[in-house]
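See below for protein-v8.cif, which holds mmCIF, C-alpha atoms, pLDDT in the B column; chains and numbers go by the auth columns.
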data_target
loop_
_atom_site.group_PDB
_atom_site.id
_atom_site.type_symbol
_atom_site.label_atom_id
_atom_site.label_comp_id
_atom_site.label_asym_id
_atom_site.label_seq_id
_atom_site.Cartn_x
_atom_site.Cartn_y
_atom_site.Cartn_z
_atom_site.B_iso_or_equiv
_atom_site.auth_seq_id
_atom_site.auth_asym_id
ATOM 1 C CA MET A 1 -6.564 70.420 63.054 36.00 1 B
ATOM 2 C CA MET A 2 -9.598 71.645 61.102 33.00 2 B
ATOM 3 C CA GLN A 3 -13.332 71.368 61.571 35.00 3 B
ATOM 4 C CA PHE A 4 -16.167 72.369 59.270 32.00 4 B
ATOM 5 C CA ALA A 5 -19.469 73.570 60.677 35.00 5 B
ATOM 6 C CA SER A 6 -22.571 75.199 59.335 33.00 6 B
ATOM 7 C CA SER A 7 -23.818 78.488 60.697 36.00 7 B
ATOM 8 C CA GLU A 8 -26.720 80.442 59.255 39.00 8 B
ATOM 9 C CA GLY A 9 -26.416 78.552 55.977 37.00 9 B
ATOM 10 C CA GLU A 10 -22.719 79.352 55.443 38.00 10 B
ATOM 11 C CA ASN A 11 -19.777 77.052 56.006 38.00 11 B
ATOM 12 C CA ALA A 12 -17.028 78.122 58.360 42.00 12 B
ATOM 13 C CA LEU A 13 -13.597 76.621 58.813 41.00 13 B
ATOM 14 C CA SER A 14 -11.830 76.749 62.159 50.00 14 B
ATOM 15 C CA VAL A 15 -8.098 76.201 62.259 47.00 15 B
ATOM 16 C CA VAL A 16 -5.820 75.783 65.249 50.00 16 B
ATOM 17 C CA GLY A 17 -3.120 78.379 64.787 50.00 17 B
ATOM 18 C CA PRO A 18 -1.371 80.166 63.238 47.00 18 B
ATOM 19 C CA ARG A 19 0.286 80.505 66.634 56.00 19 B
ATOM 20 C CA PRO A 20 0.109 77.472 68.956 58.00 20 B
ATOM 21 C CA MET A 21 -2.081 79.226 71.542 63.00 21 B
ATOM 22 C CA GLU A 22 -4.574 80.762 69.124 61.00 22 B
ATOM 23 C CA LEU A 23 -7.655 79.636 67.254 63.00 23 B
ATOM 24 C CA SER A 24 -8.687 81.308 64.015 57.00 24 B
ATOM 25 C CA THR A 25 -11.979 80.897 62.184 53.00 25 B
ATOM 26 C CA TYR A 26 -12.060 81.531 58.447 48.00 26 B
ATOM 27 C CA THR A 27 -14.961 81.943 56.090 46.00 27 B
ATOM 28 C CA ALA A 28 -15.132 79.163 53.522 45.00 28 B
ATOM 29 C CA ARG A 29 -13.751 79.730 50.038 48.00 29 B
ATOM 30 C CA PRO A 30 -16.561 81.134 47.875 48.00 30 B
ATOM 31 C CA ALA A 31 -18.069 78.892 45.212 48.00 31 B
ATOM 32 C CA PRO A 32 -17.129 79.602 41.581 50.00 32 B
ATOM 33 C CA GLY A 33 -19.318 82.100 39.745 46.00 33 B
ATOM 34 C CA PRO A 34 -21.394 81.330 36.640 48.00 34 B
ATOM 35 C CA ASN A 35 -18.371 81.857 34.391 52.00 35 B
ATOM 36 C CA GLY A 36 -16.369 79.294 36.336 54.00 36 B
ATOM 37 C CA LYS A 37 -14.034 81.875 37.870 50.00 37 B
ATOM 38 C CA GLN A 38 -13.542 82.170 41.608 46.00 38 B
ATOM 39 C CA ARG A 39 -15.580 84.897 43.226 43.00 39 B
ATOM 40 C CA THR A 40 -13.500 87.398 45.194 45.00 40 B
ATOM 41 C CA SER A 41 -16.246 89.164 47.122 43.00 41 B
ATOM 42 C CA SER A 42 -15.403 87.171 50.254 50.00 42 B
ATOM 43 C CA LEU A 43 -11.714 86.933 51.082 49.00 43 B
ATOM 44 C CA GLU A 44 -10.207 84.083 53.073 56.00 44 B
ATOM 45 C CA ALA A 45 -9.510 86.256 56.107 57.00 45 B
ATOM 46 C CA PRO A 46 -10.005 85.384 59.768 60.00 46 B
ATOM 47 C CA ILE A 47 -13.372 86.411 61.144 66.00 47 B
ATOM 48 C CA MET A 48 -12.325 85.828 64.736 69.00 48 B
ATOM 49 C CA LEU A 49 -9.196 85.074 66.736 75.00 49 B
ATOM 50 C CA LEU A 50 -9.584 83.318 70.076 81.00 50 B
ATOM 51 C CA THR A 51 -6.763 83.601 72.592 85.00 51 B
ATOM 52 C CA GLY A 52 -6.497 82.439 76.183 88.00 52 B
ATOM 53 C CA HIS A 53 -4.808 79.041 76.383 92.00 53 B
ATOM 54 C CA GLN A 54 -1.412 79.103 78.069 92.00 54 B
ATOM 55 C CA SER A 55 0.136 76.480 75.799 92.00 55 B
ATOM 56 C CA ALA A 56 -0.293 74.761 72.430 93.00 56 B
ATOM 57 C CA VAL A 57 -3.842 74.023 71.268 93.00 57 B
ATOM 58 C CA TYR A 58 -4.247 70.422 70.080 95.00 58 B
ATOM 59 C CA THR A 59 -7.922 70.060 69.275 95.00 59 B
ATOM 60 C CA MET A 60 -11.174 71.962 68.824 94.00 60 B
ATOM 61 C CA LYS A 61 -14.746 71.132 67.881 96.00 61 B
ATOM 62 C CA PHE A 62 -17.953 73.059 67.232 95.00 62 B
ATOM 63 C CA ASN A 63 -20.987 71.949 69.209 96.00 63 B
ATOM 64 C CA PRO A 64 -23.771 70.327 67.121 95.00 64 B
ATOM 65 C CA ALA A 65 -25.640 73.636 66.854 94.00 65 B
ATOM 66 C CA GLY A 66 -22.548 75.453 65.558 92.00 66 B
ATOM 67 C CA THR A 67 -22.847 78.149 68.242 93.00 67 B
ATOM 68 C CA VAL A 68 -20.037 77.169 70.625 95.00 68 B
ATOM 69 C CA ILE A 69 -16.448 75.952 70.234 95.00 69 B
ATOM 70 C CA ALA A 70 -14.580 73.700 72.667 97.00 70 B
ATOM 71 C CA SER A 71 -10.769 73.708 72.496 96.00 71 B
ATOM 72 C CA GLY A 72 -8.262 71.448 74.239 96.00 72 B
ATOM 73 C CA SER A 73 -4.691 72.383 75.023 95.00 73 B
ATOM 74 C CA HIS A 74 -1.342 71.289 76.387 96.00 74 B
ATOM 75 C CA ASP A 75 -2.216 73.497 79.373 96.00 75 B
ATOM 76 C CA LYS A 76 -4.545 70.630 80.543 96.00 76 B
ATOM 77 C CA GLU A 77 -7.699 72.720 80.138 97.00 77 B
ATOM 78 C CA ILE A 78 -10.754 72.775 77.888 98.00 78 B
ATOM 79 C CA PHE A 79 -12.018 76.239 76.948 96.00 79 B
ATOM 80 C CA ILE A 80 -15.603 76.837 75.850 96.00 80 B
ATOM 81 C CA TRP A 81 -16.147 79.816 73.515 94.00 81 B
ATOM 82 C CA ASN A 82 -19.125 81.640 72.086 90.00 82 B
ATOM 83 C CA VAL A 83 -18.780 82.092 68.333 86.00 83 B
ATOM 84 C CA HIS A 84 -21.212 84.998 68.029 83.00 84 B
ATOM 85 C CA GLY A 85 -21.002 88.525 69.399 80.00 85 B
ATOM 86 C CA GLU A 86 -17.722 89.121 71.212 79.00 86 B
ATOM 87 C CA CYS A 87 -16.670 85.449 70.943 82.00 87 B
ATOM 88 C CA LYS A 88 -15.770 85.250 74.620 87.00 88 B
ATOM 89 C CA ASN A 89 -14.430 82.292 76.543 90.00 89 B
ATOM 90 C CA PHE A 90 -17.223 81.701 79.063 93.00 90 B
ATOM 91 C CA MET A 91 -16.161 78.448 80.720 96.00 91 B
ATOM 92 C CA VAL A 92 -13.010 76.460 81.511 97.00 92 B
ATOM 93 C CA LEU A 93 -13.150 72.720 82.218 98.00 93 B
ATOM 94 C CA LYS A 94 -10.384 71.624 84.582 97.00 94 B
ATOM 95 C CA GLY A 95 -9.473 68.158 85.819 96.00 95 B
ATOM 96 C CA HIS A 96 -6.994 66.519 83.472 98.00 96 B
ATOM 97 C CA LYS A 97 -3.456 66.156 84.805 98.00 97 B
ATOM 98 C CA ASN A 98 -1.890 66.304 81.353 98.00 98 B
ATOM 99 C CA ALA A 99 -2.632 67.753 77.929 98.00 99 B
ATOM 100 C CA VAL A 100 -6.021 67.438 76.229 98.00 100 B
ATOM 101 C CA LEU A 101 -5.314 65.642 72.944 97.00 101 B
ATOM 102 C CA ASP A 102 -8.835 65.026 71.665 98.00 102 B
ATOM 103 C CA LEU A 103 -12.395 66.038 72.472 98.00 103 B
ATOM 104 C CA HIS A 104 -15.883 65.556 71.062 98.00 104 B
ATOM 105 C CA TRP A 105 -19.383 66.800 71.808 98.00 105 B
ATOM 106 C CA THR A 106 -22.208 64.375 72.400 96.00 106 B
ATOM 107 C CA THR A 107 -24.958 64.538 69.799 94.00 107 B
ATOM 108 C CA ASP A 108 -27.302 66.508 72.067 96.00 108 B
ATOM 109 C CA GLY A 109 -24.579 69.077 72.819 96.00 109 B
ATOM 110 C CA THR A 110 -24.882 68.742 76.601 97.00 110 B
ATOM 111 C CA GLN A 111 -21.606 66.914 77.256 98.00 111 B
ATOM 112 C CA ILE A 112 -18.008 66.742 76.068 98.00 112 B
ATOM 113 C CA VAL A 113 -15.717 63.723 76.196 98.00 113 B
ATOM 114 C CA SER A 114 -11.947 64.248 76.211 98.00 114 B
ATOM 115 C CA ALA A 115 -8.767 62.169 75.939 98.00 115 B
ATOM 116 C CA SER A 116 -5.468 62.867 77.688 98.00 116 B
ATOM 117 C CA PRO A 117 -1.938 61.505 78.191 98.00 117 B
ATOM 118 C CA ASP A 118 -2.877 61.299 81.895 98.00 118 B
ATOM 119 C CA LYS A 119 -4.311 57.877 80.865 98.00 119 B
ATOM 120 C CA THR A 120 -7.922 58.964 81.309 98.00 120 B
ATOM 121 C CA VAL A 121 -11.019 59.828 79.333 98.00 121 B
ATOM 122 C CA GLY A 122 -13.184 62.546 80.868 98.00 122 B
ATOM 123 C CA ALA A 123 -16.878 63.288 80.436 98.00 123 B
ATOM 124 C CA TRP A 124 -18.000 66.846 81.196 98.00 124 B
ATOM 125 C CA ASP A 125 -21.343 68.529 81.782 98.00 125 B
ATOM 126 C CA VAL A 126 -21.221 71.689 79.679 96.00 126 B
ATOM 127 C CA GLU A 127 -23.933 73.447 81.689 95.00 127 B
ATOM 128 C CA THR A 128 -22.189 73.084 85.062 96.00 128 B
ATOM 129 C CA GLY A 129 -18.582 72.772 83.888 96.00 129 B
ATOM 130 C CA LYS A 130 -18.104 69.726 86.117 97.00 130 B
ATOM 131 C CA ARG A 131 -16.480 66.449 85.196 98.00 131 B
ATOM 132 C CA ILE A 132 -19.214 63.840 85.571 97.00 132 B
ATOM 133 C CA LYS A 133 -17.194 60.726 84.784 98.00 133 B
ATOM 134 C CA LYS A 134 -13.535 59.745 84.805 98.00 134 B
ATOM 135 C CA MET A 135 -12.626 56.650 82.781 98.00 135 B
ATOM 136 C CA ALA A 136 -9.219 55.461 83.942 97.00 136 B
ATOM 137 C CA GLU A 137 -8.343 51.908 82.902 97.00 137 B
ATOM 138 C CA HIS A 138 -5.768 52.623 80.188 98.00 138 B
ATOM 139 C CA SER A 139 -2.122 52.080 81.145 98.00 139 B
ATOM 140 C CA SER A 140 -0.658 54.699 78.781 98.00 140 B
ATOM 141 C CA PHE A 141 -1.531 57.883 76.887 97.00 141 B
ATOM 142 C CA VAL A 142 -5.107 58.089 75.621 97.00 142 B
ATOM 143 C CA ASN A 143 -4.877 59.524 72.113 96.00 143 B
ATOM 144 C CA SER A 144 -8.475 59.582 70.981 95.00 144 B
ATOM 145 C CA CYS A 145 -12.064 59.247 72.147 95.00 145 B
ATOM 146 C CA HIS A 146 -15.510 59.399 70.580 94.00 146 B
ATOM 147 C CA PRO A 147 -19.106 59.210 71.878 94.00 147 B
ATOM 148 C CA ALA A 148 -21.751 57.148 70.095 90.00 148 B
ATOM 149 C CA ARG A 149 -23.827 59.263 67.742 88.00 149 B
ATOM 150 C CA ARG A 150 -27.081 57.577 68.752 86.00 150 B
ATOM 151 C CA GLY A 151 -28.406 54.886 71.048 86.00 151 B
ATOM 152 C CA PRO A 152 -26.914 54.076 74.484 89.00 152 B
ATOM 153 C CA PRO A 153 -24.442 56.565 76.031 93.00 153 B
ATOM 154 C CA LEU A 154 -21.295 54.788 74.889 92.00 154 B
ATOM 155 C CA VAL A 155 -17.761 56.127 74.479 94.00 155 B
ATOM 156 C CA VAL A 156 -14.823 54.477 72.720 93.00 156 B
ATOM 157 C CA SER A 157 -11.194 55.359 73.480 94.00 157 B
ATOM 158 C CA GLY A 158 -7.832 54.467 71.939 93.00 158 B
ATOM 159 C CA SER A 159 -4.488 54.420 73.703 94.00 159 B
ATOM 160 C CA ASP A 160 -0.747 53.964 73.330 95.00 160 B
ATOM 161 C CA ASP A 161 -1.200 50.833 75.467 96.00 161 B
ATOM 162 C CA GLY A 162 -2.433 49.094 72.316 92.00 162 B
ATOM 163 C CA THR A 163 -6.067 48.819 73.336 92.00 163 B
ATOM 164 C CA ALA A 164 -9.352 50.409 72.421 91.00 164 B
ATOM 165 C CA LYS A 165 -11.913 50.413 75.217 94.00 165 B
ATOM 166 C CA LEU A 166 -15.673 50.693 75.068 93.00 166 B
ATOM 167 C CA TRP A 167 -17.366 52.493 77.953 95.00 167 B
ATOM 168 C CA ASP A 168 -20.995 52.772 79.011 95.00 168 B
ATOM 169 C CA MET A 169 -21.521 56.093 80.785 95.00 169 B
ATOM 170 C CA ARG A 170 -24.127 54.471 83.048 95.00 170 B
ATOM 171 C CA VAL A 171 -21.794 51.902 84.615 95.00 171 B
ATOM 172 C CA ARG A 172 -18.358 51.810 86.199 94.00 172 B
ATOM 173 C CA GLY A 173 -15.431 50.512 84.201 95.00 173 B
ATOM 174 C CA ALA A 174 -14.944 49.588 80.574 96.00 174 B
ATOM 175 C CA ILE A 175 -17.481 47.119 79.205 93.00 175 B
ATOM 176 C CA GLN A 176 -15.181 45.835 76.455 91.00 176 B
ATOM 177 C CA THR A 177 -11.488 45.960 75.595 92.00 177 B
ATOM 178 C CA TYR A 178 -10.094 45.434 72.098 89.00 178 B
ATOM 179 C CA PRO A 179 -6.361 44.594 72.217 90.00 179 B
ATOM 180 C CA ASP A 180 -3.975 45.280 69.357 87.00 180 B
ATOM 181 C CA LYS A 181 -0.251 44.944 68.708 87.00 181 B
ATOM 182 C CA TYR A 182 0.214 48.662 68.091 86.00 182 B
ATOM 183 C CA GLN A 183 -0.774 52.013 69.539 91.00 183 B
ATOM 184 C CA ILE A 184 -4.336 53.098 68.769 91.00 184 B
ATOM 185 C CA THR A 185 -4.122 56.602 67.324 90.00 185 B
ATOM 186 C CA ALA A 186 -7.760 57.355 66.475 89.00 186 B
ATOM 187 C CA VAL A 187 -11.209 55.931 67.136 89.00 187 B
ATOM 188 C CA SER A 188 -14.734 56.678 65.970 86.00 188 B
ATOM 189 C CA PHE A 189 -18.197 55.154 66.034 82.00 189 B
ATOM 190 C CA SER A 190 -19.802 54.080 62.806 74.00 190 B
ATOM 191 C CA ASP A 191 -22.854 56.057 61.741 70.00 191 B
ATOM 192 C CA ALA A 192 -24.617 52.706 61.503 61.00 192 B
ATOM 193 C CA SER A 193 -24.556 52.166 65.284 52.00 193 B
ATOM 194 C CA ASP A 194 -28.049 52.094 66.767 46.00 194 B
ATOM 195 C CA LYS A 195 -29.823 51.290 70.034 36.00 195 B
ATOM 196 C CA SER A 196 -28.938 47.603 69.899 32.00 196 B
ATOM 197 C CA LEU A 197 -25.723 46.965 71.825 36.00 197 B
ATOM 198 C CA GLN A 198 -25.145 43.891 69.680 34.00 198 B
ATOM 199 C CA GLU A 199 -24.855 46.090 66.601 36.00 199 B
ATOM 200 C CA VAL A 200 -22.543 48.805 67.934 42.00 200 B
ATOM 201 C CA LEU A 201 -19.545 49.155 65.637 45.00 201 B
ATOM 202 C CA THR A 202 -16.354 51.014 66.359 51.00 202 B
ATOM 203 C CA MET A 203 -13.724 52.028 63.871 52.00 203 B
ATOM 204 C CA ILE A 204 -10.138 51.751 65.072 53.00 204 B
ATOM 205 C CA LEU A 205 -7.310 53.509 63.206 55.00 205 B
ATOM 206 C CA ARG A 206 -3.713 52.528 63.763 55.00 206 B
ATOM 207 C CA PHE A 207 -0.806 53.633 61.567 47.00 207 B
ATOM 208 C CA GLY A 208 -3.103 54.200 58.606 51.00 208 B
ATOM 209 C CA THR A 209 -4.894 50.846 58.984 54.00 209 B
ATOM 210 C CA CYS A 210 -8.618 50.741 59.655 54.00 210 B
ATOM 211 C CA ALA A 211 -10.109 47.795 61.561 58.00 211 B
ATOM 212 C CA ARG A 212 -13.822 47.204 62.038 61.00 212 B
ATOM 213 C CA LEU A 213 -14.763 45.745 65.421 58.00 213 B
ATOM 214 C CA LYS A 214 -18.150 44.480 66.547 57.00 214 B
ATOM 215 C CA TYR A 215 -19.414 44.458 70.115 56.00 215 B
#
Would you kindly transcribe this structure into structure tokens?
Amino acid sequence: MMQFASSEGENALSVVGPRPMELSTYTARPAPGPNGKQRTSSLEAPIMLLTGHQSAVYTMKFNPAGTVIASGSHDKEIFIWNVHGECKNFMVLKGHKNAVLDLHWTTDGTQIVSASPDKTVGAWDVETGKRIKKMAEHSSFVNSCHPARRGPPLVVSGSDDGTAKLWDMRVRGAIQTYPDKYQITAVSFSDASDKSLQEVLTMILRFGTCARLKY
């Protein structure tokens, strides 16, 4: 699992591993010099190693500002890390009863949504560390989740039960269910989604196939 982020004008690449319970962040490969040859002034070496999870790390994401990392693990916990200074873990989000397979920050960086084999999607307040919403209508593992990038506070989730569900954080229960014949392995909102609920689009990935659904 890899994620690019921008920090102080330089790209950074975070990689889960090399050991299952560690996160490493690498500086990006330098751009070629004027003669076309690769510059060697900045080596591809880890600039930080984050340890603390008690089991395999499955997912990580930078916050929108690029100052904090959230990581999800088989140990059922979400760790929040500073990426500057001593790069300390300063918060642990607890509540899932199984591994954390996927997580994403909301656009404003105040919340995290997470997916778990415990059949739930969680929404977390990053300031308090509390789970503020538990979405629990799937009947099997939840593999993926994603918040809307703009507009209403919507979340889409995909599950082994063969459904993708659309959630509105302001109301109880899923507001739409999209059934499929196969497991849903990944979901994401289109960048085109806006404040009109009638124009919200979700992208559903299943076994390499991409379907476009309109709500």
Checklist entry - In Å, with one decimal, what is the gap from atom CA of B:Ile175 to atom CA of B:Val155? => result 10.2 Å
Item to check | stretch 122-133 of chain B surroundings by only C-alpha atoms, 12 Å radius, close-in-sequence under 6 positions cut, as a PyMOL selection string | outcome: chain B and resi 63+68-70+76-81+90-98+100-106+108-116+142+144-147+153-157+167-173
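The two atoms in question, atom CA of B:Lys119 and atom CA of B:Gln176, are spaced 16.8 Å apart.
Our summary of the geometry notes that atom CA of B:Lys61 is positioned 19.1 Å from atom CA of B:Pro117.
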Next on the checklist: So that I can check the surroundings of B:Tyr178, please list as a list in words every protein, DNA and RNA residue that reaches within 9 Å of it, counting all atoms listed in the file and ignoring chain neighbours fewer than 3 positions away.
Outcome noted: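 Everything that qualifies: Gly162, Thr163, Ala164, Lys165, Leu166 and Leu213 of chain B.
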Item to check | Selection result of the PyMOL selection byres ((chain B and resi 83) around 9) on this file, as a ChimeraX atom specification | outcome: /B:48,66-69,81-82,84-88
